[in-house]
$ cat query.txt   # compact mmCIF, C-alpha atoms and all ligand atoms
# COMPACT_ATOMS: atom_id res chain seq x y z
CA MET A 18 118.62 67.76 33.44
CA GLU A 19 116.02 68.99 35.87
CA HIS A 20 115.46 70.12 39.44
CA GLN A 21 114.21 66.77 40.70
CA LEU A 22 113.42 67.98 44.22
CA GLY A 23 112.06 71.34 43.12
CA LEU A 24 115.04 72.92 44.90
CA PRO A 25 118.03 74.89 43.61
CA VAL A 26 120.94 72.57 42.78
CA LEU A 27 124.34 73.21 44.38
CA TYR A 28 127.48 71.74 42.84
CA THR A 29 130.03 71.66 45.63
CA PHE A 30 133.26 70.14 46.88
CA ARG A 31 133.32 69.50 50.61
CA ARG A 32 136.85 70.72 51.37
CA CYS A 33 136.84 73.77 49.09
CA PRO A 34 136.76 76.93 51.23
CA TYR A 35 134.79 78.81 48.56
CA ALA A 36 132.14 76.09 48.49
CA MET A 37 132.25 75.99 52.28
CA ARG A 38 131.38 79.67 52.63
CA ALA A 39 128.45 79.16 50.24
CA ARG A 40 127.17 76.16 52.24
CA LEU A 41 127.58 78.08 55.51
CA ALA A 42 125.34 80.87 54.24
CA ILE A 43 122.77 78.38 52.91
CA VAL A 44 122.61 76.59 56.28
CA ALA A 45 122.60 79.84 58.27
CA ALA A 46 119.74 81.19 56.14
CA GLY A 47 117.71 78.05 56.79
CA LEU A 48 117.49 77.21 53.08
CA LYS A 49 117.48 73.84 51.37
CA VAL A 50 119.16 72.86 48.12
CA GLU A 51 119.78 69.68 46.18
CA VAL A 52 123.45 68.91 46.72
CA ARG A 53 125.77 67.47 44.09
CA GLU A 54 129.18 66.73 45.59
CA LEU A 55 131.89 66.41 43.00
CA VAL A 56 135.43 65.31 42.45
CA LEU A 57 137.48 68.19 41.04
CA ARG A 58 139.30 66.03 38.48
CA ALA A 59 135.98 64.69 37.09
CA LYS A 60 133.52 67.56 37.01
CA PRO A 61 130.00 66.69 35.89
CA ALA A 62 129.25 67.60 32.26
CA HIS A 63 126.10 69.45 33.32
CA MET A 64 128.06 71.68 35.69
CA LEU A 65 130.54 72.57 32.93
CA GLU A 66 127.66 73.19 30.54
CA ILE A 67 126.06 75.78 32.84
CA SER A 68 129.37 77.18 34.14
CA PRO A 69 132.26 76.53 31.73
CA LYS A 70 134.85 78.13 34.05
CA GLY A 71 134.66 74.93 36.07
CA THR A 72 134.96 76.14 39.65
CA VAL A 73 132.80 75.31 42.66
CA PRO A 74 130.47 76.36 44.09
CA VAL A 75 127.85 76.57 41.34
CA LEU A 76 124.23 77.19 42.23
CA TRP A 77 121.61 76.42 39.57
CA LEU A 78 118.26 78.01 40.35
CA ARG A 79 114.91 76.64 39.24
CA ASP A 80 114.47 79.47 36.71
CA GLY A 81 117.76 78.50 35.09
CA THR A 82 119.85 81.27 36.66
CA VAL A 83 123.41 80.18 37.37
CA ILE A 84 125.37 81.67 40.29
CA ASP A 85 128.96 80.54 40.08
CA GLU A 86 130.91 82.82 42.42
CA SER A 87 130.94 81.88 46.10
CA LEU A 88 130.29 85.41 47.36
CA ASP A 89 127.31 85.69 45.02
CA VAL A 90 125.92 82.41 46.37
CA MET A 91 126.33 83.76 49.90
CA GLN A 92 124.58 86.97 48.90
CA TRP A 93 121.77 85.02 47.22
CA ALA A 94 121.24 83.00 50.42
CA VAL A 95 121.23 86.09 52.61
CA ASN A 96 118.82 87.85 50.25
CA GLN A 97 116.41 84.91 50.48
CA SER A 98 116.47 85.02 54.26
CA LEU A 99 118.88 86.93 56.45
CA PRO A 100 120.16 84.51 59.14
CA ALA A 101 118.51 85.49 62.41
CA ASP A 102 121.74 86.03 64.33
CA TRP A 103 123.70 87.80 61.54
CA LEU A 104 124.41 91.48 61.85
CA VAL A 105 122.98 93.77 59.18
CA LEU A 106 126.01 95.81 58.15
CA ASN A 107 125.77 99.58 57.92
CA ALA A 108 127.43 101.35 54.97
CA GLU A 109 130.74 101.79 56.76
CA GLN A 110 130.81 98.18 57.93
CA GLN A 111 129.87 97.00 54.44
CA GLN A 112 132.83 98.87 53.00
CA GLN A 113 135.12 97.33 55.60
CA CYS A 114 133.65 93.89 54.91
CA ASP A 115 134.29 94.29 51.16
CA GLU A 116 137.88 95.42 51.82
CA TRP A 117 138.58 92.44 54.08
CA ILE A 118 137.10 89.98 51.60
CA ALA A 119 139.13 91.50 48.75
CA LEU A 120 142.27 91.13 50.89
CA LEU A 121 141.34 87.55 51.70
CA ASP A 122 140.44 86.42 48.18
CA GLY A 123 143.48 88.22 46.80
CA GLU A 124 146.66 88.50 48.83
CA PHE A 125 145.76 86.07 51.60
CA LYS A 126 144.66 83.25 49.28
CA ARG A 127 147.62 83.78 46.98
CA ASN A 128 150.03 83.39 49.87
CA LEU A 129 148.02 80.61 51.50
CA ASP A 130 148.31 78.49 48.33
CA ARG A 131 152.08 79.03 48.27
CA TYR A 132 152.37 78.20 51.98
CA LYS A 133 150.30 75.01 51.60
CA TYR A 134 151.59 73.76 48.26
CA PRO A 135 155.06 75.32 47.66
CA HIS A 136 156.07 72.49 45.29
CA ARG A 137 153.41 73.68 42.83
CA TYR A 138 155.17 77.02 42.51
CA HIS A 139 158.79 75.91 42.15
CA THR A 140 160.38 76.63 38.79
CA GLU A 141 163.86 75.93 37.48
CA THR A 142 165.03 79.29 38.73
CA TYR A 143 162.73 79.85 41.70
CA THR A 144 162.26 77.88 44.89
CA CYS A 145 159.04 78.79 46.64
CA ASP A 146 159.66 79.25 50.36
CA PRO A 147 156.48 78.35 52.27
CA LEU A 148 157.58 80.27 55.36
CA GLU A 149 157.86 83.50 53.41
CA HIS A 150 154.24 83.03 52.33
CA ARG A 151 153.13 82.06 55.82
CA ALA A 152 154.62 85.33 57.05
CA ALA A 153 152.69 87.24 54.38
CA CYS A 154 149.45 85.58 55.55
CA GLU A 155 150.37 86.43 59.13
CA LYS A 156 150.58 90.13 58.31
CA ILE A 157 146.87 89.94 57.43
CA LEU A 158 145.91 87.65 60.31
CA VAL A 159 147.52 90.08 62.75
CA GLN A 160 145.10 92.76 61.55
CA TRP A 161 142.06 90.55 62.08
CA ASN A 162 143.41 89.45 65.44
CA SER A 163 143.65 93.04 66.58
CA VAL A 164 140.11 93.82 65.34
CA LEU A 165 138.83 90.77 67.23
CA GLU A 166 140.81 91.77 70.33
CA GLN A 167 139.19 95.19 70.32
CA GLN A 168 135.64 94.28 69.36
CA GLY A 169 135.29 90.46 69.27
CA PRO A 170 134.16 87.76 69.49
CA PHE A 171 133.19 88.41 65.82
CA LEU A 172 134.70 90.86 63.33
CA PHE A 173 131.92 93.38 63.90
CA GLY A 174 131.33 92.71 67.57
CA SER A 175 128.89 90.46 69.34
CA GLN A 176 127.06 89.14 66.27
CA PRO A 177 128.46 87.15 63.36
CA SER A 178 128.12 88.58 59.87
CA PHE A 179 128.76 87.89 56.20
CA ALA A 180 132.40 88.85 56.78
CA ASP A 181 133.06 86.18 59.42
CA TYR A 182 131.68 83.32 57.32
CA ALA A 183 133.30 84.51 54.10
CA ILE A 184 136.70 84.61 55.82
CA LEU A 185 136.71 81.79 58.39
CA PRO A 186 136.93 78.83 55.95
CA PHE A 187 140.26 80.24 54.72
CA VAL A 188 141.64 80.83 58.23
CA ARG A 189 140.68 77.20 58.93
CA GLN A 190 142.76 76.20 55.89
CA PHE A 191 145.68 78.29 57.10
CA ARG A 192 145.61 76.41 60.42
CA ILE A 193 145.36 73.03 58.69
CA ALA A 194 148.55 73.74 56.70
CA ASP A 195 150.51 73.24 59.96
CA GLU A 196 148.24 72.66 62.93
CA VAL A 197 151.04 72.11 65.45
CA TRP A 198 152.68 75.40 64.53
CA PHE A 199 149.38 77.30 64.52
CA ASP A 200 148.19 75.88 67.84
CA THR A 201 151.47 76.63 69.62
CA VAL A 202 152.57 79.92 68.03
CA PRO A 203 152.33 82.71 70.61
CA GLY A 204 149.84 85.51 70.05
CA TYR A 205 146.67 85.40 68.00
CA ALA A 206 144.60 84.75 71.14
CA ALA A 207 141.47 86.48 69.87
CA LEU A 208 141.81 85.02 66.38
CA LYS A 209 142.24 81.52 67.84
CA LEU A 210 139.12 81.94 69.97
CA TRP A 211 137.19 83.10 66.89
CA LEU A 212 138.41 80.13 64.84
CA THR A 213 137.88 77.59 67.64
CA ALA A 214 134.30 78.72 68.18
CA PHE A 215 133.73 78.30 64.43
CA LEU A 216 135.36 74.86 64.33
CA GLN A 217 133.12 73.70 67.17
CA SER A 218 129.92 75.28 65.84
CA PRO A 219 126.86 73.25 64.82
CA LEU A 220 126.76 75.50 61.74
CA LEU A 221 130.10 74.18 60.48
CA GLU A 222 129.14 70.63 61.39
CA GLN A 223 126.02 70.91 59.23
CA ALA A 224 127.93 72.56 56.40
CA MET A 225 130.53 69.76 56.42
CA VAL A 226 128.22 66.73 56.31
CA LYS A 227 129.70 64.22 53.84
CA PHE A 228 128.01 63.26 50.58
CA SER A 229 129.24 60.73 48.03
CA PRO A 230 130.23 62.19 44.67
CA TRP A 231 127.17 62.66 42.47
CA GLN A 232 126.64 61.08 39.08
CA PRO A 233 123.76 61.61 36.65
CA GLY A 234 120.98 59.19 37.51
CA ASP A 235 121.79 59.16 41.26
CA ALA A 236 118.99 59.69 43.75
CA PRO A 237 118.93 63.37 44.75
CA PHE A 238 120.12 64.46 48.20
CA THR A 239 118.90 67.45 50.14
CA PHE A 240 121.36 69.80 51.85
CA PRO A 241 121.34 70.35 54.73
CA GLY A 242 120.09 66.79 55.26
N1 LIG B 1 136.20 82.84 42.61
C1 LIG B 1 135.64 81.54 42.76
C2 LIG B 1 136.77 80.56 43.11
C3 LIG B 1 136.28 79.14 43.34
C4 LIG B 1 137.42 78.14 43.24
O1 LIG B 1 138.55 78.46 42.81
N2 LIG B 1 137.13 76.89 43.65
C5 LIG B 1 138.14 75.86 43.45
C6 LIG B 1 138.07 74.75 44.50
S1 LIG B 1 138.55 75.31 46.11
C7 LIG B 1 137.87 75.15 42.14
O2 LIG B 1 136.74 74.84 41.82
N3 LIG B 1 138.93 74.91 41.35
C8 LIG B 1 138.79 74.21 40.11
C9 LIG B 1 139.72 73.05 40.01
O3 LIG B 1 140.54 72.84 40.91
O4 LIG B 1 139.61 72.32 39.03
C10 LIG B 1 134.55 81.58 43.82
O5 LIG B 1 134.66 82.42 44.73
O6 LIG B 1 133.57 80.81 43.73

$ encode --input "query.txt" --output "structure tokens" --more "lines below"
Ligand SMILES: N[C@@H](CCC(=O)N[C@@H](CS)C(=O)NCC(=O)O)C(=O)O
Amino acid sequence: MEHQLGLPVLYTFRRCPYAMRARLAIVAAGLKVEVRELVLRAKPAHMLEISPKGTVPVLWLRDGTVIDESLDVMQWAVNQSLPADWLVLNAEQQQQCDEWIALLDGEFKRNLDRYKYPHRYHTETYTCDPLEHRAACEKILVQWNSVLEQQGPFLFGSQPSFADYAILPFVRQFRIADEVWFDTVPGYAALKLWLTAFLQSPLLEQAMVKFSPWQPGDAPFTFPG
């Protein structure tokens, strides 16, 4: 297996919010990679060989380095070239950013999964109530809404940052779980503006371009196209 285009190879799954945050950073940084879209139930052997844990995104650099955590792929992209409009976080902001991302990848994601797919969590003795988990997500969203109300339109003010693009794909998923409810529930004005701007952004459009699932021997595709 080789880097046919002389570019890093990104194994990705279009709808995965972790892969999405990685692609957002790659696009924002103005980088190019060879993209290998996959189907989660049939992961390519090469991907599993370089990253046996079997999650996307996986970035395979030309020197053989494997980066298989989404936040590390984001950080790699930003280290190559900080996106022109992204805010450079000071130490205090960086600490806040890390706390928010830990909350998102931990408690928020745990409850989001149970809100979206309650049937996966039912057991003989336990019925998973999606609304209980939606309420738990809301407790976190309320915090981000109030930050955005005070200092929006982005989490750290007038410029987007690592924090916004690490978090937004998951807020998008939260909305998708019940769009009618989300769009009509009172409150969350600042959060809704933040999400809507993201949903309408050329950045997201580029990050969400569709690719057919890759198989060994296929012609390589560049991302962004
Ligand atoms: N901590 C990992 C989590 C990535 C992750 O869980 N991705 C999901 C897709 S959204 C996945 O690949 N799951 C494996 C599977 O469903 O087989 C990261 O941040 O990259």

$ residues_near_ligand --input "query.txt" --ligand "ligand LIG 1 (chain B)" --cutoff "10 Å" --atoms "all atoms listed in the file" --output "count of residues only"
35

$ atom_distance --input "query.txt" --atom1 "CA of Leu221 in chain A" --atom2 "CA of Lys133 in chain A"
22.1 Å

$ atom_distance --input "query.txt" --atom1 "CA of Pro25 in chain A" --atom2 "CA of Gln190 in chain A"
27.6 Å

$ closest_residue --input "query.txt" --among "A:Tyr138, A:Phe215, A:Phe125, A:Phe173" --to "Phe187 in chain A" --atoms "only C-alpha atoms"
A:Phe125

$ atom_distance --input "query.txt" --atom1 "CA of Leu212 in chain A" --atom2 "CA of Ala152 in chain A"
18.7 Å

$ residues_near_point --input "query.txt" --point "(145.6, 90.3, 66.4)" --cutoff "9 Å" --atoms "all atoms listed in the file" --output "compact mmCIF listing (two decimals) with C-alpha atoms, in the frame of the given file"
# COMPACT_ATOMS: atom_id res chain seq x y z
CA LEU A 158 145.91 87.65 60.31
CA VAL A 159 147.52 90.08 62.75
CA GLN A 160 145.10 92.76 61.55
CA TRP A 161 142.06 90.55 62.08
CA ASN A 162 143.41 89.45 65.44
CA SER A 163 143.65 93.04 66.58
CA VAL A 164 140.11 93.82 65.34
CA LEU A 165 138.83 90.77 67.23
CA GLU A 166 140.81 91.77 70.33
CA GLN A 167 139.19 95.19 70.32
CA GLY A 204 149.84 85.51 70.05
CA TYR A 205 146.67 85.40 68.00
CA ALA A 206 144.60 84.75 71.14
CA ALA A 207 141.47 86.48 69.87
CA LEU A 208 141.81 85.02 66.38

$ residues_around --input "query.txt" --residues "range 99-108 of chain A" --least-positions-apart "5" --cutoff "9 Å" --atoms "only C-alpha atoms" --output "PDB file with C-alpha atoms, keeping the file's coordinate frame"
ATOM      1  CA  ALA A  42     125.340  80.870  54.240  1.00  0.00           C
ATOM      2  CA  VAL A  44     122.610  76.590  56.280  1.00  0.00           C
ATOM      3  CA  ALA A  45     122.600  79.840  58.270  1.00  0.00           C
ATOM      4  CA  ALA A  46     119.740  81.190  56.140  1.00  0.00           C
ATOM      5  CA  GLY A  47     117.710  78.050  56.790  1.00  0.00           C
ATOM      6  CA  ALA A  94     121.240  83.000  50.420  1.00  0.00           C
ATOM      7  CA  GLN A 113     135.120  97.330  55.600  1.00  0.00           C
ATOM      8  CA  CYS A 114     133.650  93.890  54.910  1.00  0.00           C
ATOM      9  CA  PHE A 173     131.920  93.380  63.900  1.00  0.00           C
ATOM     10  CA  SER A 175     128.890  90.460  69.340  1.00  0.00           C
ATOM     11  CA  GLN A 176     127.060  89.140  66.270  1.00  0.00           C
ATOM     12  CA  PRO A 177     128.460  87.150  63.360  1.00  0.00           C
ATOM     13  CA  SER A 178     128.120  88.580  59.870  1.00  0.00           C
ATOM     14  CA  PHE A 179     128.760  87.890  56.200  1.00  0.00           C
TER      15      PHE A 179
END

$ residues_around --input "query.txt" --residues "Phe240 in chain A" --least-positions-apart "3" --cutoff "7 Å" --atoms "all atoms listed in the file" --output "list in words"
Lys49, Val50, Glu51 and Val52 of chain A

$ closest_residue --input "query.txt" --among "A:Glu19, A:Leu41, A:Leu76, A:Leu129" --to "Ser218 in chain A" --atoms "all atoms listed in the file"
A:Leu41

$ closest_residue --input "query.txt" --among "A:Met18, A:Thr213, A:Ile67, A:Pro233" --to "Asp200 in chain A" --atoms "only C-alpha atoms"
A:Thr213

$ residues_around --input "query.txt" --residues "Asp146 in chain A" --least-positions-apart "5" --cutoff "12 Å" --atoms "all atoms listed in the file" --output "MDAnalysis selection string"
chainID A and resid 128:140 151:153

$ closest_residue --input "query.txt" --among "A:Glu124, A:Asp115, A:Glu54, A:Asp80" --to "Val226 in chain A" --atoms "only C-alpha atoms"
A:Glu54

$ axis_aligned_box --input "query.txt" --around "range 146-157 of chain A" --padding-each-side "3 Å" --output "lines of an AutoDock Vina configuration file"
center_x = 153.3
center_y = 84.2
center_z = 54.7
size_x = 18.8
size_y = 17.8
size_z = 14.8

$ closest_residue --input "query.txt" --among "A:Gly174, A:Gly242, A:Pro237, A:Pro147" --to "Phe191 in chain A" --atoms "all atoms listed in the file"
A:Pro147

$ closest_residue --input "query.txt" --among "A:Cys154, A:Leu148, A:Ala180, A:Ala62" --to "Glu116 in chain A" --atoms "only C-alpha atoms"
A:Ala180

$ build_atoms --input "query.txt" --residues "range 105-116 of chain A" --atoms "N, CA and C atoms" --output "tab-separated table (two decimals), in the frame of the given file"
chain	number	residue	atom	x	y	z
A	105	VAL	N	123.20	93.01	60.42
A	105	VAL	CA	122.98	93.77	59.18
A	105	VAL	C	124.04	94.88	59.17
A	106	LEU	N	124.89	94.86	58.17
A	106	LEU	CA	126.01	95.81	58.15
A	106	LEU	C	125.54	97.19	57.70
A	107	ASN	N	126.03	98.23	58.40
A	107	ASN	CA	125.77	99.58	57.92
A	107	ASN	C	126.78	99.88	56.79
A	108	ALA	N	126.62	101.06	56.16
A	108	ALA	CA	127.43	101.35	54.97
A	108	ALA	C	128.93	101.27	55.26
A	109	GLU	N	129.32	101.78	56.41
A	109	GLU	CA	130.74	101.79	56.76
A	109	GLU	C	131.25	100.36	56.98
A	110	GLN	N	130.43	99.57	57.69
A	110	GLN	CA	130.81	98.18	57.93
A	110	GLN	C	130.86	97.39	56.62
A	111	GLN	N	129.90	97.70	55.72
A	111	GLN	CA	129.87	97.00	54.44
A	111	GLN	C	131.15	97.27	53.66
A	112	GLN	N	131.60	98.52	53.72
A	112	GLN	CA	132.83	98.87	53.00
A	112	GLN	C	134.03	98.12	53.60
A	113	GLN	N	134.05	98.05	54.93
A	113	GLN	CA	135.12	97.33	55.60
A	113	GLN	C	135.07	95.84	55.25
A	114	CYS	N	133.85	95.30	55.25
A	114	CYS	CA	133.65	93.89	54.91
A	114	CYS	C	134.19	93.61	53.50
A	115	ASP	N	133.84	94.47	52.55
A	115	ASP	CA	134.29	94.29	51.16
A	115	ASP	C	135.82	94.36	51.08
A	116	GLU	N	136.42	95.28	51.85
A	116	GLU	CA	137.88	95.42	51.82
A	116	GLU	C	138.55	94.16	52.38
